[in-house]
Amino acid sequence: MKNRLFEKYFVFSPYFWLVLFFFIPLAIIFKISISISEWGMPPYQDIFLFDDGFKINTTFENYVYIFSDYYYIGSFVNSLILALISTFFCLLIGFPLAFYIATSNIRLRNILLVLVVIPFWSSFLLRVYAWKIILQNNGILNVTLLNLGITSEPLQLLYNQYAVIMGIVYTYLPLMILPLYGYLNKFDLNLIEASKDLGLNRIKTFFKVILPLSVPGIVAGSLLVFIPVVGEFIIPEMLGGSDRLYYGKILWEEFFVNRNWPGASALAFSGIIILVLPIVIFQILYSRWSQKNEI
Amino acid sequence: MDNNFLVIENISKSFGDNKVLENINLNISKSEFFGLLGSSGSGKTTLLRILGGFEKPDTGRVILDGTDITNLEPFERPLNYMFQSYALFPHLNVFNNLAFGIKENFTQKEIEINVRNIAELLSIEHLLNRRIKQLSGGEQQRVALGRCLIKKPKLLLLDEPLAALDKKLRSKTQLELTTLQKKLKITFVFVTHDQEEAMSLSDRMAIMKNGLILECSSPEEIYENPKSLYTANFIGIANIIEIYKKDENFYSDDLCINFKLNKELKNTKTNILLRPEKIKIQSKNNLKTSSFNSFSGEILEKSYLGSFTRYEIKIKNMIISVLDQNFNSNSNYNFPKGEKVICSWESESIKVLED
């Protein structure tokens, strides 16, 4: 009988995981976000007070504060734009690579896949730091350009939004390539030949056959890049300058510099809602669309 | 008839060290239904892919209707290719699969009319709004055919056109395909490993082996008068007997009998072909054994095939296959296992194999 019960509820174990590691932390963050901040440890008041009778001690002022100050909204918009641009470039570089890997012979394919995964074996922090060394004013790139006489003075390559985009595209590229490869691997190459045979040149074949049939892979890869980049903190911190503020950095400062936990929690919670809701809606629409089109 | 509609000239192709095609020459006439028959690895599909433009030959030329198309891209060639897997676009419905190749150059109305016409021709009008996954194998085959024919190609290439269909559907489709081809008068070149398919579809066919064309002729000619041992064995059932000249006649050591040929031999020793349906089988009581072109043997195996009965007859060291047509409904007509019988044939039925 006990075993039966175990079997019956075993299927719910993923939900158990989701509740334990997603919904409970989210609830805690929400709880802090509606508390009133104060000096102390923890730096906020309890939301339920029992001193003289039961009293609910909450406020939505943190949310009002965030949404009335463009400092916060602007940083979030900056992060969204950064994520969009980075995802686009990851796709632009990742798609041809994934397609090439998926269509090459099995020996070359395995070598290329290992090359894609190899960066994960070294520390992410170290790799971003390496870019700092390459791009700085007396770094390898500038020294080479100077010695070749292409430039007369060092270029300011570091500490701007372009360095951030480059760093993110570099770091997240494998996350785009792998799901795309997984999908393109199953692609029937005869379809490309059939399209050419029916009179479509390479470019038209790409847009009429390859692209429409790769949509699931593109969606998977793009979400895998887009979502974490919105909250990315380390790369803008190391490679970025003061020209643009990003959501991740603001969040960090609010928590650890200003010690405004309720404010930071409100920021985090709104960020999740703003990001997750459209994605959930998109996923529902997309799964309906792909069911209809049987892709 | 214009014998030079499609000219394949000195085509060779290697993949690395592997020579796939060696100096292929073929002339195919307009409106001909031409078959390339060979076992896997014979190079037949590579030849078809070269015609389609998916592979470039190392040497040689392909000339279609007077134009050299050797270096043209697939999308520049006035021909179409039907894939073995059909390669239908899963993201499009039947209508859009059919319209795929004409969308560029036609107006919406012309596309509509053309698709309707081709769908009617192939009796798939009721399927136009279906998704590819909702179609049966036979329906998919029609859509793949329609998608090519709608372009009105000068030449249609078909890679194993019937291989993906089940047996009953295959013979029905075979007939439809030949009728369609005769009606449209489009030149068809197809590849198959199935000799029956090649025989029933082709006006002429080429037998391929290891990148070479061994023989190229009509199915009747290839079946009745094969030149090589390989072809004789490959097409139909073959009794191959080695004979040599002895005195005035020819003699087989395996059968210990004399052969009378109405033809002189170049070599003193050669292989002859005796097709199983050319052999007459009779009860031993009826006849005396003649000293030429006949032998007496014992029935070793017998399989009843409906219109025919196939016997395996043992004589000395050899087993000879005989196909006997079942004229009578009387089942006693069949010879039982172990029965001693006399087999005989006309001397014209003996075909000398050159190599």
# chains A, B, ... in the order shown; residues from 1 in each chain; ligands from 1
$ select_by_dssp --residues "range 25-157 of chain B" --states "helix (DSSP H, G or I)" --output "ChimeraX atom specification"
/B:44-52,74-76,94-99,108-121,125-127,132-134,137-149
$ closest_atom_pairs --of "chain B" --to "chain A" --cutoff "6 Å" --atoms "only C-alpha atoms" --output "tab-separated table"
residue	atom	partner	partner_atom	distance
B:Pro74	CA	A:Asp197	CA	5.1
B:Phe75	CA	A:Gly199	CA	4.0
B:Asn80	CA	A:Asp197	CA	5.9
B:Ala87	CA	A:Leu191	CA	5.2
B:Gly101	CA	A:Leu198	CA	4.7
$ atom_distance --atom1 "CA of Ile8 in chain B" --atom2 "CA of Ile69 in chain B"
10.5 Å
$ residues_around --residues "Phe259 in chain B" --least-positions-apart "3" --cutoff "7 Å" --atoms "only C-alpha atoms" --output "PyMOL selection string"
chain B and resi 249-251+292-293
$ write_last_selection --atoms "C-alpha atoms" --output "mmCIF file, in the first residue's frame"
data_model
loop_
_atom_site.group_PDB
_atom_site.id
_atom_site.type_symbol
_atom_site.label_atom_id
_atom_site.label_comp_id
_atom_site.auth_asym_id
_atom_site.auth_seq_id
_atom_site.Cartn_x
_atom_site.Cartn_y
_atom_site.Cartn_z
ATOM 1 C CA ASN B 249 28.611 -31.226 -80.003
ATOM 2 C CA PHE B 250 28.858 -29.451 -76.721
ATOM 3 C CA TYR B 251 29.041 -31.210 -73.451
ATOM 4 C CA PHE B 292 20.410 -34.028 -77.044
ATOM 5 C CA ASN B 293 18.987 -31.052 -75.160
#
$ residues_around --residues "Ile150 in chain B" --least-positions-apart "3" --cutoff "9 Å" --atoms "only C-alpha atoms" --output "VMD selection string"
chain B and resid 98 to 99 101 to 102 114 to 115 117 to 118 145 to 147 153
$ write_last_selection --atoms "N, CA and C atoms" --output "PDB file, in the first residue's frame"
ATOM      1  N   LEU B  98       2.437  21.495 -53.555  1.00  0.00           N
ATOM      2  CA  LEU B  98       2.293  21.428 -55.016  1.00  0.00           C
ATOM      3  C   LEU B  98       2.684  22.764 -55.653  1.00  0.00           C
ATOM      4  N   ALA B  99       2.307  23.861 -54.980  1.00  0.00           N
ATOM      5  CA  ALA B  99       2.532  25.188 -55.561  1.00  0.00           C
ATOM      6  C   ALA B  99       3.952  25.691 -55.335  1.00  0.00           C
ATOM      7  N   GLY B 101       6.987  25.152 -56.309  1.00  0.00           N
ATOM      8  CA  GLY B 101       7.904  25.467 -57.401  1.00  0.00           C
ATOM      9  C   GLY B 101       7.400  26.501 -58.393  1.00  0.00           C
ATOM     10  N   ILE B 102       6.090  26.858 -58.301  1.00  0.00           N
ATOM     11  CA  ILE B 102       5.569  27.812 -59.292  1.00  0.00           C
ATOM     12  C   ILE B 102       5.155  29.134 -58.659  1.00  0.00           C
ATOM     13  N   ASN B 114      -3.341  25.867 -61.860  1.00  0.00           N
ATOM     14  CA  ASN B 114      -2.335  24.822 -62.081  1.00  0.00           C
ATOM     15  C   ASN B 114      -2.402  23.724 -61.025  1.00  0.00           C
ATOM     16  N   VAL B 115      -2.539  24.147 -59.765  1.00  0.00           N
ATOM     17  CA  VAL B 115      -2.597  23.160 -58.681  1.00  0.00           C
ATOM     18  C   VAL B 115      -3.835  22.277 -58.839  1.00  0.00           C
ATOM     19  N   ASN B 117      -5.437  21.545 -61.575  1.00  0.00           N
ATOM     20  CA  ASN B 117      -5.259  20.654 -62.720  1.00  0.00           C
ATOM     21  C   ASN B 117      -4.399  19.449 -62.374  1.00  0.00           C
ATOM     22  N   ILE B 118      -3.284  19.725 -61.713  1.00  0.00           N
ATOM     23  CA  ILE B 118      -2.363  18.630 -61.410  1.00  0.00           C
ATOM     24  C   ILE B 118      -2.995  17.706 -60.366  1.00  0.00           C
ATOM     25  N   LEU B 145       5.061  13.515 -56.797  1.00  0.00           N
ATOM     26  CA  LEU B 145       5.042  13.469 -58.260  1.00  0.00           C
ATOM     27  C   LEU B 145       4.413  14.749 -58.811  1.00  0.00           C
ATOM     28  N   GLY B 146       3.304  15.163 -58.196  1.00  0.00           N
ATOM     29  CA  GLY B 146       2.597  16.358 -58.644  1.00  0.00           C
ATOM     30  C   GLY B 146       3.444  17.603 -58.492  1.00  0.00           C
ATOM     31  N   ARG B 147       4.198  17.674 -57.403  1.00  0.00           N
ATOM     32  CA  ARG B 147       5.033  18.835 -57.141  1.00  0.00           C
ATOM     33  C   ARG B 147       6.083  19.012 -58.241  1.00  0.00           C
ATOM     34  N   PRO B 153       8.453  19.752 -66.382  1.00  0.00           N
ATOM     35  CA  PRO B 153       9.885  19.574 -66.660  1.00  0.00           C
ATOM     36  C   PRO B 153      10.121  18.861 -67.993  1.00  0.00           C
TER      37      PRO B 153
END
$ atom_distance --atom1 "CA of Phe23 in chain A" --atom2 "CA of Arg288 in chain A"
26.0 Å
$ residues_around --residues "range 193-198 of chain B" --least-positions-apart "4" --cutoff "7 Å" --atoms "only C-alpha atoms" --output "ChimeraX atom specification"
/B:35,37-39,202,235
$ atom_distance --atom1 "CA of Thr178 in chain B" --atom2 "CA of Leu149 in chain B"
14.2 Å
$ closest_residue --among "B:Glu220, B:Glu32, B:Glu346, B:Asp58" --to "Asn10 in chain B" --atoms "only C-alpha atoms"
B:Asp58
$ select_by_dssp --residues "range 193-326 of chain B" --states "strand (DSSP E)" --output "ChimeraX atom specification"
/B:204-209,212-217,239-246,249-252,257-259,269-274,280-283,294-304,308-315,318-325
$ residues_around --residues "Leu323 in chain B" --least-positions-apart "3" --cutoff "8 Å" --atoms "only C-alpha atoms" --output "JSON, numbers by chain"
{"B": [276, 277, 278, 279, 308, 309, 310, 311]}
$ residues_around --residues "Leu157 in chain A" --least-positions-apart "2" --cutoff "10 Å" --atoms "only C-alpha atoms" --output "PyMOL selection string"
chain A and resi 132+134-137+139+141-142+154-155+159-163+239
$ closest_residue --among "A:Asn138, A:Tyr286, A:Val280, A:Leu20" --to "Glu153 in chain A" --atoms "only C-alpha atoms"
A:Asn138
